[in-house]
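Have a look at the structure below before the remarks.
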Amino acid sequence: MDRMRNIGISAHIDSGKTTLTERVLYYTGRIHEIHEVRGRDGVGAKMDSMDLEREKGITIQSAATYCTWKGYQVNIIDTPGHVDFTIEVERALRVLDGAILVLCSVGGVQSQSITVDRQMRRYEIPRVAFINKLDRMGADPWKVLNQARSKLRHHNAAVQVPIGLEEEFEGLVDLVEMKAYKFEGSSGQNVTAYDVPSNMADLVNEKRRELIEVVSEVDDQLAEAFLNDEPITANQLKAAIRRATVARKFIPVYMGSAFKNKGVQPLLDGVLDYLPCPLEVDNYALDQNNSEEKVLLAGTPAEPLVALAFKLEEGRFGQLTYLRIYDGVIRKGDFIYNVNTGKKIKVPRLVRMHSNEMEDIQEAHAGQIVAVFGVDCASGDTFTDGTVKYTMTSMNVPEPVMSLAVSPISKDSGGQFSKALNRFQKEDPTFRVGLDPESGQTIISGMGELHLDIYVERIKREYKVDAKVGKPRVNFRETITQRAEFDYLHKKQSGGQGQYGRVCGYVEPLPSGSGGKFEFDNMIIGQAIPSNFIPAIEKGFREACNSGSLIGHPVENIRIVLTDGASHQVDSSELAFKLAAIYAFRQCYTAAKPVILEPVMKVELKFPTEFQGTVTGDMNKRKGIIVGNEQEGDDTIVVCHVPLNNMFGYATAIRSVTQGKGEFTMEYLEHNIVSQDVQMQLVNSYKAAKGTE
């Protein structure tokens, strides 16, 4: 067990995660040639297995693989960097024991690095940092190191010093062993060690002293040796760094350039040296038989089986479920229990994943990450062998921030379209699908524009369904502002039985605070209209209120009073009075000065204080009314009321204004009257749309 590592690689967009994974696979002998993410040969990196990923040069789904290095088995998950695919990172970190946080030596600590670091903290994951891209212009690893200390509050120190930077970047000096390394051969596969260059001796000694100081602050054994001025050996230092890293008190910082094949092998050694094996990490389960009491899992193959399904994929052979095994052994053909649903399932096929290829295995034991086929479950379900009833705590799923309306272009592809949406919803908890009851549109919601674009694109590629995407229809309402009289006679005589019905009365707005949206009062004295026709009149008015004549949306807060009418003994019928009511409503509607109501949202923004001016300025532009403002540490929290119609695409806007550090949530507050200019605009566009029909 102690010869295993489960690690994730995560970072800001374009810091080089996938490129780094590609090198790791190459040096450990898993793949035999290197392909770049946006390479000219068009093959694309191993871990980006989807066509879309290769085309756009970004990672969308986290991919799992494993390799062996110096007799250790390493399971690696490569995760996306875009904020839109946050859930992929959450799921990966939930089941890993350690992580590599990749930082760009030019970009430094960027917004998504902060988010990823926050997630690692939430799941209490020990990590090493890797400063990548030292070959780029303007590379400054020491600047990045200090940024990590100030912005991420990392207690860290470099364990390597680069020999030369930018174009002159040649190799690295290992501060623990005090050796210099060069990476030679066509792909940097030959690592040669030699003595530290004499011109760097001062810098190297200074940095080694700094490393020892920082580690001894959090490790008592090293502190003792350091204070007694004893010479510290490489093994002593290694052991101290490992203790401090596993206890999450220290983060060793590695350097290199994955693209130029430098510094990857020492990083792999660092993963083995400093990141914990599955036994050193405390994993807790909740005992369902004992009112969700926390239970510490031993993490050994001898215990009863406990495994967590952390990711689902629809493969060619049905649903593929990724499992992290915490306790016990899982064998092909075993029966396992899904604790969340209580079902008993047989394991038909057990595989180990290598990006999108798989290898069949007969059994897997605690600490491994495997996948099973043909098991129906949801992401976050726990499996046991039936002897215990444990669940692992489920993952944190953020609320969706952005919605789009989608519909298939051709009518006959509806089946495939809904199949695609169902599958994506199952795979990705942040992707929601709903039906808007008023407009009948299918609404998809997700974490951002890129997130939803990718799904629409995938529907097109994987299901061959062309979908058209639109701004979701905002649910406006109409209402009246003053009383208006109506008196309408509907008569039609065209051979046979005619139609005859006359209704008189008035409409008025309901007083504010009365709960109902529609009231109908019959105030006729005597039998001007026979009582059996009254329900038909009410039905006619209700129908007329379903679409107002301004923009065709429902009319609310209206009271209709019937005071008089006339009927004909032969020609009056329910239909005649219903039609009379509809036409009477349309006749008096414009006299009642109708207005449009729009939904207003309560929006809560959270962003670093330095962006306060730009964010509030943008809010005013969107006709928002700011109702609250408070400080929380370095962040400002602003509460405002904004019309929903002006919030479309705001997820992207706030990210660009706050360098990706701002976030917002919104919920429905009330319907409010729109201003005169907006009303004119809406009415004109409605008329134009009606004209084209």
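Simple scheme: letters A, B, ... for chains in structure tokens order, numbers from 1 for residues in each chain, numbers from 1 for ligands in the order shown.
The list of residues with at least one atom within 7 Å of Val372 (chain A), based on only C-alpha atoms and without residues fewer than 6 positions apart in the same chain, reads Leu320, Thr321, Tyr322, Val347, Arg349, Leu350 and Val351 of chain A.
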Please produce a file of the residues just selected, as a compact mmCIF listing (two decimals), in the first residue's frame, where the atoms kept are all heavy atoms.
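Saved to result_7.txt:
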```txt
# COMPACT_ATOMS: atom_id res chain seq x y z
N LEU A 320 -20.19 4.05 -17.66
CA LEU A 320 -18.91 3.75 -17.05
C LEU A 320 -18.85 4.55 -15.75
O LEU A 320 -19.06 5.75 -15.76
CB LEU A 320 -17.82 4.21 -18.01
CG LEU A 320 -16.38 4.06 -17.57
CD1 LEU A 320 -16.02 2.59 -17.53
CD2 LEU A 320 -15.47 4.76 -18.55
N THR A 321 -18.60 3.87 -14.64
CA THR A 321 -18.58 4.54 -13.34
C THR A 321 -17.18 4.48 -12.75
O THR A 321 -16.63 3.40 -12.58
CB THR A 321 -19.55 3.83 -12.37
OG1 THR A 321 -20.80 3.68 -13.02
CG2 THR A 321 -19.73 4.62 -11.11
N TYR A 322 -16.62 5.65 -12.45
CA TYR A 322 -15.30 5.67 -11.82
C TYR A 322 -15.46 5.49 -10.31
O TYR A 322 -16.26 6.17 -9.69
CB TYR A 322 -14.63 7.02 -12.05
CG TYR A 322 -14.09 7.23 -13.44
CD1 TYR A 322 -14.92 7.53 -14.51
CD2 TYR A 322 -12.72 7.13 -13.68
CE1 TYR A 322 -14.42 7.73 -15.78
CE2 TYR A 322 -12.21 7.34 -14.94
CZ TYR A 322 -13.06 7.63 -15.99
OH TYR A 322 -12.54 7.83 -17.23
N VAL A 347 -20.85 -6.94 -10.20
CA VAL A 347 -19.85 -6.20 -10.97
C VAL A 347 -19.56 -6.99 -12.25
O VAL A 347 -18.89 -8.02 -12.20
CB VAL A 347 -18.54 -6.04 -10.18
CG1 VAL A 347 -17.52 -5.24 -10.97
CG2 VAL A 347 -18.81 -5.39 -8.84
N ARG A 349 -17.88 -6.00 -15.08
CA ARG A 349 -16.57 -5.81 -15.71
C ARG A 349 -15.82 -4.74 -14.95
O ARG A 349 -16.36 -3.69 -14.64
CB ARG A 349 -16.81 -5.37 -17.16
CG ARG A 349 -15.56 -5.30 -17.98
CD ARG A 349 -15.86 -5.03 -19.43
NE ARG A 349 -14.62 -4.68 -20.11
CZ ARG A 349 -14.56 -3.99 -21.22
NH1 ARG A 349 -15.66 -3.57 -21.79
NH2 ARG A 349 -13.40 -3.72 -21.78
N LEU A 350 -14.56 -5.01 -14.65
CA LEU A 350 -13.74 -4.09 -13.86
C LEU A 350 -12.57 -3.66 -14.73
O LEU A 350 -11.88 -4.51 -15.30
CB LEU A 350 -13.25 -4.85 -12.62
CG LEU A 350 -12.72 -4.07 -11.43
CD1 LEU A 350 -13.80 -3.17 -10.88
CD2 LEU A 350 -12.28 -5.04 -10.35
N VAL A 351 -12.34 -2.35 -14.86
CA VAL A 351 -11.25 -1.91 -15.73
C VAL A 351 -10.41 -0.85 -15.04
O VAL A 351 -10.83 -0.19 -14.09
CB VAL A 351 -11.79 -1.31 -17.06
CG1 VAL A 351 -12.45 -2.35 -17.91
CG2 VAL A 351 -12.74 -0.16 -16.80
```
Quick one: everything within 12 Å of Asp521 (chain A), counting only C-alpha atoms, minus sequence neighbours fewer than 4 positions away in the same chain. Send it as a list in words. Gly505, Tyr506, Val507, Glu508, Ile534, Pro535, Ile537, Glu538, Phe541, Ile558, Arg559, Ile560, Val561, Leu562, Thr563 and Asp564 of chain A
Could you please take those selected residues and save C-alpha atoms as a tab-separated table (two decimals), in the first residue's frame?
```tsv
chain	number	residue	atom	x	y	z
A	505	GLY	CA	-69.53	46.51	-16.53
A	506	TYR	CA	-66.04	47.74	-15.69
A	507	VAL	CA	-62.46	46.51	-15.06
A	508	GLU	CA	-60.20	47.92	-12.33
A	534	ILE	CA	-72.42	33.59	-15.97
A	535	PRO	CA	-69.69	30.85	-15.76
A	537	ILE	CA	-68.65	34.88	-19.21
A	538	GLU	CA	-66.09	34.35	-16.45
A	541	PHE	CA	-62.60	36.90	-19.32
A	558	ILE	CA	-57.24	42.68	-12.41
A	559	ARG	CA	-60.82	42.75	-11.13
A	560	ILE	CA	-63.69	42.43	-13.57
A	561	VAL	CA	-67.19	43.46	-12.47
A	562	LEU	CA	-70.29	42.59	-14.49
A	563	THR	CA	-73.16	45.08	-13.93
A	564	ASP	CA	-75.62	44.56	-16.77
```
Looking at only C-alpha atoms, which of A:Gln587, A:Pro400, A:Glu170, A:Ile31 is the one that sits closest to Glu485 (chain A)?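 With only C-alpha atoms as the atom set, the closest residue is A:Gln587.
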Contacts of Glu427 (chain A) at 8 Å (only C-alpha atoms; same-chain gap of 4+ positions) as an mmCIF file with all heavy atoms, in the first residue's frame:
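Output file result-v8.cif follows:
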```cif
data_model
loop_
_atom_site.group_PDB
_atom_site.id
_atom_site.type_symbol
_atom_site.label_atom_id
_atom_site.label_comp_id
_atom_site.auth_asym_id
_atom_site.auth_seq_id
_atom_site.Cartn_x
_atom_site.Cartn_y
_atom_site.Cartn_z
ATOM 1 N N LYS A 311 -17.539 9.790 -10.586
ATOM 2 C CA LYS A 311 -17.698 10.367 -11.918
ATOM 3 C C LYS A 311 -18.363 9.344 -12.818
ATOM 4 O O LYS A 311 -18.050 8.162 -12.751
ATOM 5 C CB LYS A 311 -16.314 10.738 -12.453
ATOM 6 C CG LYS A 311 -16.303 11.347 -13.836
ATOM 7 C CD LYS A 311 -14.881 11.837 -14.116
ATOM 8 C CE LYS A 311 -14.516 11.874 -15.548
ATOM 9 N NZ LYS A 311 -15.045 12.742 -16.454
ATOM 10 N N LEU A 312 -19.281 9.805 -13.661
ATOM 11 C CA LEU A 312 -19.959 8.893 -14.592
ATOM 12 C C LEU A 312 -19.650 9.322 -16.008
ATOM 13 O O LEU A 312 -19.479 10.500 -16.290
ATOM 14 C CB LEU A 312 -21.477 8.966 -14.425
ATOM 15 C CG LEU A 312 -22.010 8.904 -13.007
ATOM 16 C CD1 LEU A 312 -23.503 9.076 -13.037
ATOM 17 C CD2 LEU A 312 -21.661 7.585 -12.393
ATOM 18 N N GLU A 313 -19.591 8.351 -16.899
ATOM 19 C CA GLU A 313 -19.419 8.666 -18.313
ATOM 20 C C GLU A 313 -20.251 7.677 -19.104
ATOM 21 O O GLU A 313 -20.338 6.517 -18.742
ATOM 22 C CB GLU A 313 -17.951 8.465 -18.705
ATOM 23 C CG GLU A 313 -17.201 9.742 -18.929
ATOM 24 C CD GLU A 313 -15.756 9.450 -19.275
ATOM 25 O OE1 GLU A 313 -15.510 8.497 -20.026
ATOM 26 O OE2 GLU A 313 -14.882 10.154 -18.773
ATOM 27 N N GLU A 314 -20.847 8.148 -20.182
ATOM 28 C CA GLU A 314 -21.536 7.220 -21.071
ATOM 29 C C GLU A 314 -20.499 6.721 -22.063
ATOM 30 O O GLU A 314 -19.991 7.501 -22.869
ATOM 31 C CB GLU A 314 -22.651 7.944 -21.834
ATOM 32 C CG GLU A 314 -23.868 8.209 -20.995
ATOM 33 C CD GLU A 314 -24.669 6.957 -20.685
ATOM 34 O OE1 GLU A 314 -24.708 6.061 -21.536
ATOM 35 O OE2 GLU A 314 -25.233 6.880 -19.593
ATOM 36 N N SER A 379 -23.711 10.114 -9.474
ATOM 37 C CA SER A 379 -22.376 10.511 -9.047
ATOM 38 C C SER A 379 -22.438 10.873 -7.561
ATOM 39 O O SER A 379 -23.316 11.597 -7.131
ATOM 40 C CB SER A 379 -21.947 11.666 -9.940
ATOM 41 O OG SER A 379 -21.357 12.659 -9.225
ATOM 42 N N ARG A 423 -28.386 12.439 -20.548
ATOM 43 C CA ARG A 423 -27.072 11.876 -20.272
ATOM 44 C C ARG A 423 -26.161 12.925 -19.645
ATOM 45 O O ARG A 423 -25.486 12.666 -18.652
ATOM 46 C CB ARG A 423 -26.461 11.370 -21.571
ATOM 47 C CG ARG A 423 -25.023 10.982 -21.372
ATOM 48 C CD ARG A 423 -24.301 10.758 -22.664
ATOM 49 N NE ARG A 423 -22.911 11.137 -22.511
ATOM 50 C CZ ARG A 423 -22.060 11.198 -23.501
ATOM 51 N NH1 ARG A 423 -22.457 10.932 -24.723
ATOM 52 N NH2 ARG A 423 -20.816 11.541 -23.294
#
```
Nearby residues (only C-alpha atoms) at most 9 Å from Val109 (chain A), same-chain spacing under 4 positions excluded, as a PyMOL selection string: chain A and resi 12+103-105+113-114+144-145+147-148+151-152
Next, the residues of the selection above should be written as a PDB file, in the first residue's frame with C-alpha atoms.
```pdb
ATOM      1  CA  HIS A  12      -5.345  28.009 -13.794  1.00  0.00           C
ATOM      2  CA  LEU A 103       1.620  27.744 -11.472  1.00  0.00           C
ATOM      3  CA  CYS A 104       2.769  29.664 -14.533  1.00  0.00           C
ATOM      4  CA  SER A 105       6.098  31.415 -13.957  1.00  0.00           C
ATOM      5  CA  SER A 113      -5.350  29.122  -9.004  1.00  0.00           C
ATOM      6  CA  ILE A 114      -7.057  30.757  -6.016  1.00  0.00           C
ATOM      7  CA  VAL A 144       5.518  33.519  -8.102  1.00  0.00           C
ATOM      8  CA  LEU A 145       6.764  31.952  -4.875  1.00  0.00           C
ATOM      9  CA  GLN A 147       2.689  35.561  -4.625  1.00  0.00           C
ATOM     10  CA  ALA A 148       1.747  32.083  -3.405  1.00  0.00           C
ATOM     11  CA  LYS A 151      -2.303  35.489  -2.072  1.00  0.00           C
ATOM     12  CA  LEU A 152      -2.759  31.807  -1.213  1.00  0.00           C
TER      13      LEU A 152
END
```
For Leu597 (chain A), the nearest of the candidates A:Tyr66, A:Phe577, A:Tyr194, A:Phe476, counting only C-alpha atoms: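 Closest candidate: A:Phe476.
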Tell me, as number ranges by chain, which residues lie within 10 Å of Ile654 (chain A), counting only C-alpha atoms; anything in the same chain fewer than 6 positions away does not count. A: 605, 607, 614-615, 618-619, 660-664
With only C-alpha atoms as the basis for distance, which of A:Ser512, A:Thr442, A:Asn475, A:Ser198 is at the shortest distance from Val555 (chain A)?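 Using only C-alpha atoms, Val555 (chain A) sits closest to A:Asn475.
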Near region 256-263 of chain A, counting only C-alpha atoms, which residues have an atom at most 7 Å away, once you skip same-chain residues fewer than 4 positions from it, shown as a PyMOL selection string? chain A and resi 19-20+23+131-135+171+183+187-188+267
Find the residues near Gln679 (chain A): any atom within 9 Å, counting only C-alpha atoms, skip ones fewer than 6 places away on the same chain, and give them as a list in words.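 Listing them by chain and then by number gives Leu550, Val595 and Ile596 of chain A.
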